[in-house]
Amino acid sequence: MIRFVGAAEDSAITTSLPAPFDKFLLKNGEVRTTWADAETACMALKGHLVTITSAAEQAFVASIAGPDAWIGAFQGAGEGTWFWSTGERWDFTAWGTNQPDDAGGNEDCAHVSAATGLWNDRACTARLPY
């Protein structure tokens, strides 16, 4: 599910992109919540926060993300090991400069930065759109 600020109403979108980006749901309005609550909301709709596995997917997500927005990446119990909430392989990254930096020792979730379109680690308790 992609939540898009400014959508007039909930809309199912079909694109020419490869799966899983060929179909998605634009939800009306902006909701800011923790990473865990955002993932739970997506799972209630039988989905997950976005998983980005290629440069093409990264470019697409960065082009529509708007403000800083959660992605499905999280750091496991061992520092430095990242996973996707879908369980897909962690083969592609698009971290911003000097990221992830685990500032404060508690940045275990990731978002797309509005400033750069690249990934940044952030405290999972931060309230961001998704």
# chains A, B, ... in the order shown; residues from 1 in each chain; ligands from 1
$ select_by_dssp --residues "chain A" --states "strand (DSSP E or B)" --output "ChimeraX atom specification"
/A:2-3,11-14,23-27,33,69-75,82-84,95,109-112,119-122,128
$ write_last_selection --atoms "C-alpha atoms" --output "PDB file, in the first residue's frame"
ATOM      1  CA  ILE A   2       1.228   3.463  -0.781  1.00  0.00           C
ATOM      2  CA  ARG A   3      -0.341   6.299   1.155  1.00  0.00           C
ATOM      3  CA  SER A  11      -7.710   4.539  -5.794  1.00  0.00           C
ATOM      4  CA  ALA A  12      -6.391   1.242  -7.144  1.00  0.00           C
ATOM      5  CA  ILE A  13      -3.585   1.987  -9.631  1.00  0.00           C
ATOM      6  CA  THR A  14      -2.173  -0.306 -12.332  1.00  0.00           C
ATOM      7  CA  LYS A  23      -0.584  -2.601  -8.811  1.00  0.00           C
ATOM      8  CA  PHE A  24      -0.883  -0.492  -5.706  1.00  0.00           C
ATOM      9  CA  LEU A  25      -3.371   1.394  -3.627  1.00  0.00           C
ATOM     10  CA  LEU A  26      -3.292   5.147  -3.153  1.00  0.00           C
ATOM     11  CA  LYS A  27      -4.925   6.005   0.152  1.00  0.00           C
ATOM     12  CA  THR A  33       2.749   6.687  12.791  1.00  0.00           C
ATOM     13  CA  ALA A  69       8.166   7.953   4.430  1.00  0.00           C
ATOM     14  CA  TRP A  70       8.711   4.565   6.048  1.00  0.00           C
ATOM     15  CA  ILE A  71       9.927   1.646   3.953  1.00  0.00           C
ATOM     16  CA  GLY A  72       9.865  -2.010   5.009  1.00  0.00           C
ATOM     17  CA  ALA A  73      13.512  -2.114   6.119  1.00  0.00           C
ATOM     18  CA  PHE A  74      14.458  -2.808   9.732  1.00  0.00           C
ATOM     19  CA  GLN A  75      17.598  -3.743  11.598  1.00  0.00           C
ATOM     20  CA  TRP A  82      19.068  -5.282   7.867  1.00  0.00           C
ATOM     21  CA  PHE A  83      15.950  -7.123   6.715  1.00  0.00           C
ATOM     22  CA  TRP A  84      12.777  -6.514   4.711  1.00  0.00           C
ATOM     23  CA  TRP A  95      21.441   4.502   1.608  1.00  0.00           C
ATOM     24  CA  CYS A 109      14.067   1.281  10.927  1.00  0.00           C
ATOM     25  CA  ALA A 110      14.452   2.995   7.552  1.00  0.00           C
ATOM     26  CA  HIS A 111      12.677   5.644   5.553  1.00  0.00           C
ATOM     27  CA  VAL A 112      13.057   7.366   2.199  1.00  0.00           C
ATOM     28  CA  TRP A 119      17.369   5.834   2.594  1.00  0.00           C
ATOM     29  CA  ASN A 120      18.099   6.941   6.138  1.00  0.00           C
ATOM     30  CA  ASP A 121      17.902   4.965   9.359  1.00  0.00           C
ATOM     31  CA  ARG A 122      15.596   6.371  12.006  1.00  0.00           C
ATOM     32  CA  LEU A 128       6.307   9.235   9.695  1.00  0.00           C
TER      33      LEU A 128
END
$ residues_around --residues "Thr125 (chain A)" --least-positions-apart "4" --cutoff "10 Å" --atoms "only C-alpha atoms" --output "list in words"
Thr33, Thr34, Trp35, Ala36, Asp37, Asn106, Glu107, Asp108 and Cys109 of chain A
$ residues_around --residues "region 58-66 of chain A" --least-positions-apart "5" --cutoff "7 Å" --atoms "only C-alpha atoms" --output "VMD selection string"
chain A and resid 52 112 114 117
$ atom_distance --atom1 "CA of Ala19 (chain A)" --atom2 "CA of His48 (chain A)"
14.2 Å
$ select_by_dssp --residues "chain A" --states "alpha helix (DSSP H)" --output "MDAnalysis selection string"
chainID A and resid 35:44 55:64
$ closest_residue --among "A:Ala56, A:Pro100, A:Gly87, A:Pro18" --to "Ala123 (chain A)" --atoms "only C-alpha atoms"
A:Pro100
$ closest_residue --among "A:Thr40, A:Gly105, A:Asp68, A:Lys46" --to "Pro129 (chain A)" --atoms "only C-alpha atoms"
A:Asp68
$ closest_residue --among "A:Thr15, A:Thr116, A:Asn98, A:Thr86" --to "Thr53 (chain A)" --atoms "only C-alpha atoms"
A:Thr86
$ atom_distance --atom1 "CA of Ala55 (chain A)" --atom2 "CA of Ala103 (chain A)"
26.0 Å
$ closest_residue --among "A:Ser16, A:Ser113, A:Thr93, A:Ser54" --to "Tyr130 (chain A)" --atoms "only C-alpha atoms"
A:Ser113
$ decode --residues "region 53-123 of chain A" --atoms "C-alpha atoms" --output "tab-separated table (two decimals), in the first residue's frame"
chain	number	residue	atom	x	y	z
A	53	THR	CA	14.90	-4.54	-4.52
A	54	SER	CA	16.23	-2.68	-7.57
A	55	ALA	CA	17.30	0.72	-8.84
A	56	ALA	CA	14.07	0.94	-10.89
A	57	GLU	CA	11.93	0.32	-7.81
A	58	GLN	CA	14.01	2.84	-5.84
A	59	ALA	CA	13.52	5.52	-8.51
A	60	PHE	CA	9.77	4.87	-8.56
A	61	VAL	CA	9.38	5.02	-4.76
A	62	ALA	CA	11.57	8.13	-4.49
A	63	SER	CA	9.45	9.84	-7.16
A	64	ILE	CA	6.18	9.37	-5.24
A	65	ALA	CA	7.29	9.31	-1.59
A	66	GLY	CA	6.73	13.02	-0.89
A	67	PRO	CA	7.70	13.68	2.74
A	68	ASP	CA	10.01	11.29	4.59
A	69	ALA	CA	8.17	7.95	4.43
A	70	TRP	CA	8.71	4.56	6.05
A	71	ILE	CA	9.93	1.65	3.95
A	72	GLY	CA	9.87	-2.01	5.01
A	73	ALA	CA	13.51	-2.11	6.12
A	74	PHE	CA	14.46	-2.81	9.73
A	75	GLN	CA	17.60	-3.74	11.60
A	76	GLY	CA	17.69	-7.09	13.34
A	77	ALA	CA	18.88	-7.81	16.86
A	78	GLY	CA	22.53	-7.72	15.71
A	79	GLU	CA	23.58	-4.18	14.77
A	80	GLY	CA	24.32	-3.80	11.07
A	81	THR	CA	22.07	-6.59	9.80
A	82	TRP	CA	19.07	-5.28	7.87
A	83	PHE	CA	15.95	-7.12	6.72
A	84	TRP	CA	12.78	-6.51	4.71
A	85	SER	CA	9.45	-6.94	6.50
A	86	THR	CA	8.35	-9.20	3.62
A	87	GLY	CA	11.26	-11.59	4.23
A	88	GLU	CA	12.68	-10.88	0.77
A	89	ARG	CA	16.46	-11.02	0.32
A	90	TRP	CA	18.47	-7.94	1.28
A	91	ASP	CA	20.37	-7.58	-2.02
A	92	PHE	CA	19.87	-3.91	-2.93
A	93	THR	CA	20.43	-0.73	-0.93
A	94	ALA	CA	20.09	2.99	-1.60
A	95	TRP	CA	21.44	4.50	1.61
A	96	GLY	CA	22.18	8.21	1.72
A	97	THR	CA	25.70	9.44	2.39
A	98	ASN	CA	27.10	8.06	5.67
A	99	GLN	CA	23.94	6.02	6.26
A	100	PRO	CA	22.95	3.97	8.08
A	101	ASP	CA	24.62	5.67	11.04
A	102	ASP	CA	22.50	4.40	13.96
A	103	ALA	CA	22.63	7.88	15.53
A	104	GLY	CA	21.95	7.65	19.24
A	105	GLY	CA	22.22	3.86	19.04
A	106	ASN	CA	18.51	3.37	18.38
A	107	GLU	CA	17.88	3.88	14.65
A	108	ASP	CA	16.62	0.45	13.65
A	109	CYS	CA	14.07	1.28	10.93
A	110	ALA	CA	14.45	2.99	7.55
A	111	HIS	CA	12.68	5.64	5.55
A	112	VAL	CA	13.06	7.37	2.20
A	113	SER	CA	14.37	10.88	2.81
A	114	ALA	CA	12.36	13.64	1.16
A	115	ALA	CA	15.54	15.72	0.83
A	116	THR	CA	17.53	13.13	-1.14
A	117	GLY	CA	15.20	10.32	-2.21
A	118	LEU	CA	17.67	7.95	-0.54
A	119	TRP	CA	17.37	5.83	2.59
A	120	ASN	CA	18.10	6.94	6.14
A	121	ASP	CA	17.90	4.97	9.36
A	122	ARG	CA	15.60	6.37	12.01
A	123	ALA	CA	14.21	5.46	15.40
